[in-house]
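Text of the file run21.cif, holding mmCIF, C-alpha atoms:
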```
data_model
loop_
_atom_site.label_atom_id
_atom_site.label_comp_id
_atom_site.auth_asym_id
_atom_site.auth_seq_id
_atom_site.Cartn_x
_atom_site.Cartn_y
_atom_site.Cartn_z
CA MET N 1 -7.12 -15.97 -2.13
CA THR N 2 -3.71 -14.45 -2.68
CA VAL N 3 -3.28 -12.72 -6.01
CA VAL N 4 0.33 -12.70 -7.26
CA LEU N 5 1.09 -10.13 -9.90
CA PRO N 6 4.12 -10.45 -12.15
CA HIS N 7 3.77 -6.83 -13.25
CA ILE N 8 1.85 -3.91 -11.78
CA ASP N 9 0.26 -0.78 -13.18
CA ASP N 10 -2.53 1.44 -11.76
CA GLN N 11 -5.42 -0.33 -13.51
CA GLY N 12 -4.03 -3.81 -12.84
CA LEU N 13 -3.44 -2.98 -9.17
CA GLY N 14 -6.98 -1.67 -8.71
CA ARG N 15 -8.48 -4.77 -10.35
CA ALA N 16 -6.24 -7.16 -8.39
CA LEU N 17 -7.11 -5.54 -5.04
CA ARG N 18 -10.81 -5.84 -5.80
CA ARG N 19 -10.58 -9.58 -6.47
CA ALA N 20 -7.94 -10.40 -3.83
CA GLY N 21 -8.91 -12.25 -0.68
CA ARG N 22 -6.34 -11.67 2.04
CA ALA N 23 -3.37 -10.66 -0.04
CA CYS N 24 -2.30 -9.08 -3.27
CA VAL N 25 1.42 -9.27 -3.86
CA GLU N 26 3.89 -8.43 -6.53
CA ALA N 27 6.15 -11.34 -7.38
CA GLY N 28 9.21 -11.20 -5.13
CA THR N 29 7.48 -9.73 -2.09
CA GLU N 30 5.73 -12.90 -0.88
CA ASP N 31 8.24 -13.64 1.92
CA PHE N 32 8.10 -10.07 3.21
CA ILE N 33 4.33 -10.08 3.72
CA GLU N 34 4.15 -13.63 5.09
CA HIS N 35 4.08 -12.55 8.75
CA ILE N 36 2.11 -9.35 8.29
CA ASP N 37 -1.46 -9.54 9.59
CA GLY N 38 -4.49 -7.92 8.07
CA ILE N 39 -7.77 -8.52 6.28
CA LEU N 40 -6.04 -7.26 3.17
CA VAL N 41 -2.28 -7.07 2.64
CA LEU N 42 -0.63 -5.49 -0.37
CA GLY N 43 3.04 -6.25 -1.08
CA LEU N 44 4.89 -4.19 -3.66
CA THR N 45 8.46 -3.61 -4.70
CA THR N 46 9.77 -0.09 -4.25
CA ALA N 47 9.83 0.48 -8.02
CA SER N 48 6.18 -0.52 -8.44
CA ALA N 49 5.03 1.38 -5.36
CA PHE N 50 6.70 4.43 -6.86
CA SER N 51 5.30 4.05 -10.35
CA THR N 52 1.71 3.30 -9.31
CA ASP N 53 -0.58 5.47 -7.22
CA ALA N 54 -1.22 2.84 -4.54
CA GLY N 55 -2.28 5.53 -2.04
CA THR N 56 -5.18 6.80 -4.14
CA ILE N 57 -6.17 3.29 -5.24
CA LEU N 58 -6.35 2.05 -1.64
CA ALA N 59 -8.21 5.15 -0.47
CA ASP N 60 -10.80 4.59 -3.21
CA LEU N 61 -11.12 0.91 -2.27
CA LEU N 62 -11.66 1.55 1.47
CA ILE N 63 -14.37 4.09 0.69
CA GLU N 64 -15.94 1.86 -1.98
CA ARG N 65 -16.17 -0.97 0.60
CA GLY N 66 -17.93 1.36 3.03
CA LEU N 67 -15.17 1.12 5.64
CA ILE N 68 -14.27 4.79 5.74
CA ASP N 69 -16.65 7.67 5.11
CA GLU N 70 -16.54 9.43 1.76
CA ALA N 71 -16.02 12.72 3.62
CA ARG N 72 -12.56 11.46 4.69
CA ARG N 73 -11.35 10.70 1.14
CA SER N 74 -8.98 13.66 1.00
CA ASP N 75 -7.55 12.94 4.49
CA LEU N 76 -7.11 9.26 3.67
CA ARG N 77 -5.42 9.91 0.33
CA LEU N 78 -3.06 12.43 1.90
CA ALA N 79 -2.18 10.23 4.89
CA LEU N 80 -1.49 7.25 2.60
CA HIS N 81 0.74 9.37 0.38
CA GLU N 82 2.65 10.72 3.38
CA ALA N 83 3.15 7.26 4.88
CA LEU N 84 4.20 5.77 1.54
CA ALA N 85 6.59 8.66 0.91
CA ASN N 86 8.14 8.03 4.34
CA GLY N 87 8.54 4.32 3.76
CA LEU N 88 9.74 4.56 0.18
CA LEU N 89 11.97 7.64 0.22
CA HIS N 90 13.39 7.59 3.74
CA GLY N 91 13.10 3.84 4.34
CA ASN N 92 13.69 1.77 1.24
CA LEU N 93 15.55 4.29 -0.90
CA GLU N 94 17.52 5.84 1.99
CA LEU N 95 16.99 9.38 0.71
CA HIS N 96 16.51 12.29 3.07
CA SER N 97 14.68 15.54 2.40
CA HIS N 98 17.04 17.48 4.68
CA ASN N 99 19.67 16.87 1.99
CA ALA N 100 17.54 18.65 -0.62
CA GLN N 101 16.89 22.11 0.76
CA THR N 102 18.18 24.18 -2.15
CA PRO N 103 17.26 23.91 -5.84
CA ALA N 104 20.73 22.57 -6.67
CA ALA N 105 20.58 20.00 -3.86
CA PHE N 106 17.05 19.01 -4.92
CA LEU N 107 18.28 18.29 -8.45
CA GLU N 108 21.10 16.16 -7.05
CA ASN N 109 18.65 14.30 -4.82
CA ALA N 110 16.27 13.74 -7.75
CA ALA N 111 19.12 12.29 -9.83
CA LEU N 112 20.05 10.02 -6.92
CA LEU N 113 16.41 8.93 -6.62
CA GLU N 114 16.31 8.05 -10.28
CA SER N 115 19.54 6.05 -10.09
CA ARG N 116 18.30 4.14 -7.01
CA LEU N 117 15.00 3.31 -8.69
CA ALA N 118 17.05 1.92 -11.57
CA SER N 119 19.19 -0.19 -9.23
CA PRO N 120 17.75 -3.64 -8.39
CA ASP N 121 19.36 -3.42 -4.91
CA TYR N 122 16.98 -0.60 -4.04
CA ALA N 123 14.15 -1.04 -6.54
CA ARG N 124 13.34 -4.62 -5.47
CA ARG N 125 13.10 -3.78 -1.75
CA PRO N 126 9.58 -4.61 -0.58
CA ILE N 127 7.00 -2.44 1.12
CA ALA N 128 3.71 -3.73 2.56
CA ILE N 129 0.39 -2.05 3.23
CA ALA N 130 -1.93 -3.98 5.54
CA ILE N 131 -5.53 -3.16 6.40
CA SER N 132 -6.94 -4.32 9.77
CA LEU N 133 -10.27 -3.71 11.42
CA ASN N 134 -11.26 -3.28 15.03
CA PRO N 135 -14.73 -2.28 16.26
CA SER N 136 -14.11 1.44 15.95
CA PHE N 137 -11.22 1.93 13.58
CA VAL N 138 -9.70 0.89 10.29
CA GLU N 139 -5.95 0.54 10.78
CA ILE N 140 -3.54 0.89 7.89
CA ALA N 141 0.00 -0.33 8.54
CA ILE N 142 2.77 0.56 6.10
CA THR N 143 5.90 -1.51 6.66
CA ASP N 144 9.10 -0.71 4.79
CA SER N 145 12.38 -2.58 4.65
CA GLY N 146 14.64 0.33 5.54
CA LYS N 147 16.70 1.03 8.63
CA GLY N 148 13.95 2.68 10.70
CA TYR N 149 14.20 5.81 12.79
CA SER N 150 16.11 6.67 15.93
CA PRO N 151 14.12 6.45 19.19
CA GLU N 152 14.64 10.20 19.73
CA PHE N 153 12.92 10.94 16.44
CA LEU N 154 10.01 8.66 17.24
CA SER N 155 9.45 10.17 20.68
CA ALA N 156 9.33 13.74 19.34
CA PRO N 157 5.68 14.67 18.85
CA PRO N 158 4.88 16.17 15.46
CA SER N 159 4.01 19.82 15.78
CA ASP N 160 2.71 22.47 13.43
CA ARG N 161 5.04 23.61 10.72
CA THR N 162 5.02 26.77 8.66
CA ALA N 163 6.25 27.41 5.14
CA GLY N 164 9.68 28.43 6.44
CA ASP N 165 10.29 24.92 7.77
CA ARG N 166 11.62 22.85 4.89
CA VAL N 167 11.28 19.47 6.58
CA GLY N 168 8.87 17.92 9.08
CA HIS N 169 5.62 18.69 7.27
CA GLY N 170 5.05 15.00 6.48
CA LEU N 171 4.75 13.79 10.08
CA MET N 172 2.69 16.81 11.05
CA LEU N 173 0.26 16.09 8.20
CA LEU N 174 0.11 12.38 9.08
CA ALA N 175 -0.94 13.27 12.60
CA ARG N 176 -3.35 15.99 11.52
CA HIS N 177 -5.18 14.06 8.79
CA SER N 178 -5.57 10.67 10.50
CA ASP N 179 -7.40 9.72 13.71
CA GLY N 180 -4.36 7.99 15.18
CA LEU N 181 -0.68 7.52 14.40
CA ARG N 182 1.89 5.21 15.89
CA PHE N 183 5.18 3.62 14.95
CA GLU N 184 6.39 0.07 15.43
CA ALA N 185 9.36 -2.08 14.43
CA GLY N 186 11.87 0.69 15.18
CA GLY N 187 10.08 3.09 12.86
CA ARG N 188 9.89 0.73 9.91
CA ARG N 189 6.14 0.46 10.38
CA VAL N 190 3.73 3.38 10.62
CA ILE N 191 0.15 2.60 11.63
CA LEU N 192 -2.61 5.01 10.73
CA SER N 193 -6.08 4.79 12.27
CA PHE N 194 -9.28 6.06 10.71
CA GLN N 195 -12.69 5.94 12.32
CA ARG N 196 -14.85 3.25 10.75
CA CYS N 197 -17.76 4.41 8.69
CA ALA N 198 -20.97 4.44 10.74
CA ARG N 199 -23.02 3.07 7.82
CA ARG N 200 -21.33 -0.32 7.97
CA GLY N 201 -20.33 -0.27 11.66
CA MET P 1 1.72 15.41 -12.13
CA GLN P 2 0.79 16.60 -15.57
CA HIS P 3 2.39 19.89 -16.48
CA GLU P 4 3.01 22.35 -19.26
CA ILE P 5 5.62 25.08 -19.40
CA ASN P 6 5.13 28.17 -21.58
CA LEU P 7 7.64 30.99 -21.94
CA GLN P 8 6.40 34.28 -23.35
CA GLY P 9 9.26 36.72 -23.54
CA LYS P 10 10.73 36.51 -20.05
CA ASP P 11 7.48 35.47 -18.37
CA LEU P 12 7.24 31.80 -17.50
CA GLU P 13 3.88 30.12 -16.97
CA ILE P 14 3.70 26.63 -15.52
CA THR P 15 0.39 24.77 -15.55
CA MET P 16 0.05 21.81 -13.19
CA LYS P 17 -2.77 19.27 -13.19
CA HIS P 18 -3.95 16.16 -11.31
CA GLN P 19 -1.68 15.87 -8.26
CA LEU P 20 1.77 16.85 -7.00
CA ILE P 21 3.18 14.20 -4.68
CA TYR P 22 6.45 12.48 -3.71
CA ALA P 23 6.35 10.35 -6.86
CA ASP P 24 6.62 13.50 -9.01
CA THR P 25 10.13 14.38 -7.84
CA THR P 26 11.79 13.50 -11.13
CA LYS P 27 9.17 15.33 -13.22
CA PHE P 28 9.43 18.37 -10.98
CA SER P 29 13.21 18.41 -11.28
CA ALA P 30 12.66 19.22 -14.98
CA VAL P 31 10.61 22.26 -13.92
CA ILE P 32 13.33 23.47 -11.54
CA GLN P 33 15.95 22.84 -14.22
CA LYS P 34 13.94 24.90 -16.74
CA VAL P 35 13.76 27.86 -14.34
CA ARG P 36 17.48 27.66 -13.60
CA GLU P 37 18.53 27.60 -17.24
CA THR P 38 16.08 30.25 -18.56
CA ASP P 39 16.35 34.03 -18.39
CA ILE P 40 13.04 34.87 -16.70
CA ALA P 41 11.53 38.01 -15.17
CA SER P 42 8.48 36.37 -13.57
CA CYS P 43 6.91 32.98 -12.98
CA VAL P 44 3.24 32.12 -12.58
CA VAL P 45 2.09 28.65 -11.60
CA ASN P 46 -1.48 27.90 -12.62
CA LEU P 47 -2.86 25.44 -10.06
CA ALA P 48 -6.50 25.46 -11.20
CA GLY P 49 -6.25 21.89 -12.43
CA LEU P 50 -4.28 20.58 -9.44
CA GLU P 51 -6.56 18.59 -7.13
CA HIS P 52 -4.16 17.12 -4.57
CA ILE P 53 -0.78 17.90 -3.01
CA ASP P 54 1.28 16.24 -0.26
CA SER P 55 4.16 17.52 1.85
CA SER P 56 6.73 16.57 -0.82
CA GLY P 57 4.72 18.62 -3.32
CA LEU P 58 4.67 21.58 -0.93
CA ARG P 59 8.44 21.29 -0.53
CA MET P 60 8.84 21.27 -4.32
CA VAL P 61 6.79 24.49 -4.59
CA LEU P 62 9.11 26.09 -2.01
CA LEU P 63 12.14 24.99 -4.02
CA LEU P 64 10.56 26.48 -7.14
CA HIS P 65 10.21 29.72 -5.18
CA ASP P 66 13.92 29.50 -4.28
CA ALA P 67 14.89 28.84 -7.90
CA CYS P 68 12.88 31.89 -9.01
CA LYS P 69 14.45 33.97 -6.25
CA GLU P 70 17.90 33.07 -7.57
CA LYS P 71 16.75 34.71 -10.83
CA SER P 72 15.19 37.67 -8.99
CA ALA P 73 11.90 36.62 -10.61
CA PRO P 74 8.78 36.82 -8.42
CA LEU P 75 6.70 33.64 -8.17
CA ARG P 76 2.90 33.75 -8.11
CA LEU P 77 0.59 30.82 -7.44
CA SER P 78 -2.79 31.24 -9.10
CA GLY P 79 -6.08 29.37 -9.14
CA SER P 80 -5.49 26.99 -6.23
CA ARG P 81 -8.66 25.37 -4.90
CA GLY P 82 -9.93 22.64 -2.60
CA GLN P 83 -7.33 20.53 -0.81
CA VAL P 84 -4.44 22.33 -2.52
CA LYS P 85 -5.61 25.74 -1.35
CA ASP P 86 -6.23 24.40 2.18
CA MET P 87 -2.70 22.96 2.34
CA LEU P 88 -1.04 26.15 1.08
CA LEU P 89 -2.93 28.25 3.60
CA HIS P 90 -2.47 25.82 6.49
CA CYS P 91 1.30 25.86 5.92
CA ARG P 92 1.26 29.68 5.65
CA PHE P 93 2.61 29.79 2.11
CA GLU P 94 1.10 33.27 1.71
CA THR P 95 3.90 34.55 3.97
CA ILE P 96 6.47 33.53 1.35
CA VAL P 97 4.75 33.41 -2.04
CA GLN P 98 2.05 35.54 -3.66
CA ILE P 99 -1.15 33.47 -3.86
CA ASP P 100 -4.22 34.60 -5.81
#
```

Could you write out this file's structure as structure tokens?
Amino acid sequence: MTVVLPHIDDQGLGRALRRAGRACVEAGTEDFIEHIDGILVLGLTTASAFSTDAGTILADLLIERGLIDEARRSDLRLALHEALANGLLHGNLELHSHNAQTPAAFLENAALLESRLASPDYARRPIAIAISLNPSFVEIAITDSGKGYSPEFLSAPPSDRTAGDRVGHGLMLLARHSDGLRFEAGGRRVILSFQRCARRG
Amino acid sequence: MQHEINLQGKDLEITMKHQLIYADTTKFSAVIQKVRETDIASCVVNLAGLEHIDSSGLRMVLLLHDACKEKSAPLRLSGSRGQVKDMLLHCRFETIVQID
């Protein structure tokens, strides 16, 4: 069963995901998720993905269903937030953290973020989160509708960062807190792998 | 993010709760703005109620440090625990900001 939601908030999203069959979509994102595979696919507009805590809600759901071990809750929540931040900020909203490295620049970037979230051209752009299973892993694919990354960026392995580095923590944390990380669709899709919970095999 | 800002004399205390993630950018800009427009001598951020932080949140804390530095006001992070403490230490924040 596909659940179509005209409006989304945290409680409504949690309830809809629990009763959805294959898909749970916000109105207007149906076409975007049509060709995305998964046992559960969530389609949201940028504005709704930003205003709800989809990362925490999905992490809770995957643990509740016994797919990922409770001990990984913090890793899962963090990885989902990092991947969503990537897709929403850098992908759909076309904002870049390297433009916000001073307090003044951060305030400018925050104002730009607010204006883009208020603009239907940006706010209605879809993002999809798809859950797939294989014998050993749960895969979580986050697909945005932005311009993707350059091949050079994608081929550079994430490495450790220290506090002095103002950008690059996100990818490093994605790699560190998941069991696998890869990019597809020119960087518009990030796929995170987490070991399946032994209890449910 | 849920937060409170209290100014006592020239000492600013910011209390943060729940989580600090990418979606809190607009809320956090009000914190940075407050620091920039206030005559402060010190700033303490109480993180005891903060349970989760992502890389955007870490970046925002660094920018708060920079905003305090512009005012020559030392920043101190107090009460961090769990995932937040792990993230601050993993990213070597103690080399830049006082953490206790």

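Note that the spacing between atom CA of P:His18 and atom CA of N:Pro126 amounts to 27.0 Å.
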
Query - Close residues, P:Lys10 itself excluded, 10 Å, all atoms listed in the file, min 3 positions apart in chain, as a list of chain:residue names - result: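 My reading of the contact set: P:Leu7, P:Glu13, P:Thr38, P:Asp39, P:Ile40, P:Ala41, P:Ser42, P:Cys43, P:Ala73.
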
Report task. Rounded to one decimal place, report the atom CA of N:Ile36-atom CA of N:Val4 distance in Å. Result -> 16.0 Å

Report task. Give me the result of the PyMOL selection byres ((chain N) within 10 of (chain P)) on this file, residue by residue, as number ranges by chain. Result -> N: 49-53, 74-75, 77-82, 84-86, 88-89, 97, 100-114, 160-174

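Here, the PyMOL selection byres ((chain N and resi 25) around 8) matches Thr2, Val3, Val4, Leu5, Ala23, Cys24, Glu26, Ala27, Thr29, Glu30, Val41, Leu42, Gly43 and Leu44 of chain N.
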
Report summary line: Here atom CA of P:Val61 and atom CA of N:Asn99 stand apart by 16.3 Å

Report task. Tell me which residues the PyMOL selection byres ((chain N and resi 17) around 12) grabs here, as a VMD selection string. Result -> chain N and resid 1 to 5 8 to 16 18 to 26 39 to 43 54 57 to 62 64 to 65 129 to 131

Requested in this report: Identify which of the residues N:Asp31, N:Gly91, N:Ala141, N:Leu67 lies closest to N:Ala123, counting all atoms listed in the file when measuring atom-to-atom distances.
Outcome: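 That would be N:Gly91, the residue with the smallest distance to N:Ala123.
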
Query - Residues within 9 Å of N:Tyr122, only C-alpha atoms, excluding chain neighbours under 4 positions, as JSON, numbers by chain - result: {"N": [46, 47, 92, 93, 94, 116, 117, 118]}

Query - Contacts of P:Ile14 at 9 Å (all atoms listed in the file; same-chain gap of 3+ positions) as a PyMOL selection string - result: chain P and resi 3-7+31+43-47

Query raised in the report: Using only C-alpha atoms, which residues sit within 8 Å of P:Gln98 once same-chain residues fewer than 6 positions away are excluded, as a PyMOL selection string?
Result: chain P and resi 75-77

Generate the output file for the selected residues, C-alpha atoms, as a PDB file, in the frame of the given file.
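Saved to again-v1.pdb:
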```pdb
ATOM      1  CA  LEU P  75       6.700  33.640  -8.170  1.00  0.00           C
ATOM      2  CA  ARG P  76       2.900  33.750  -8.110  1.00  0.00           C
ATOM      3  CA  LEU P  77       0.590  30.820  -7.440  1.00  0.00           C
TER       4      LEU P  77
END
```
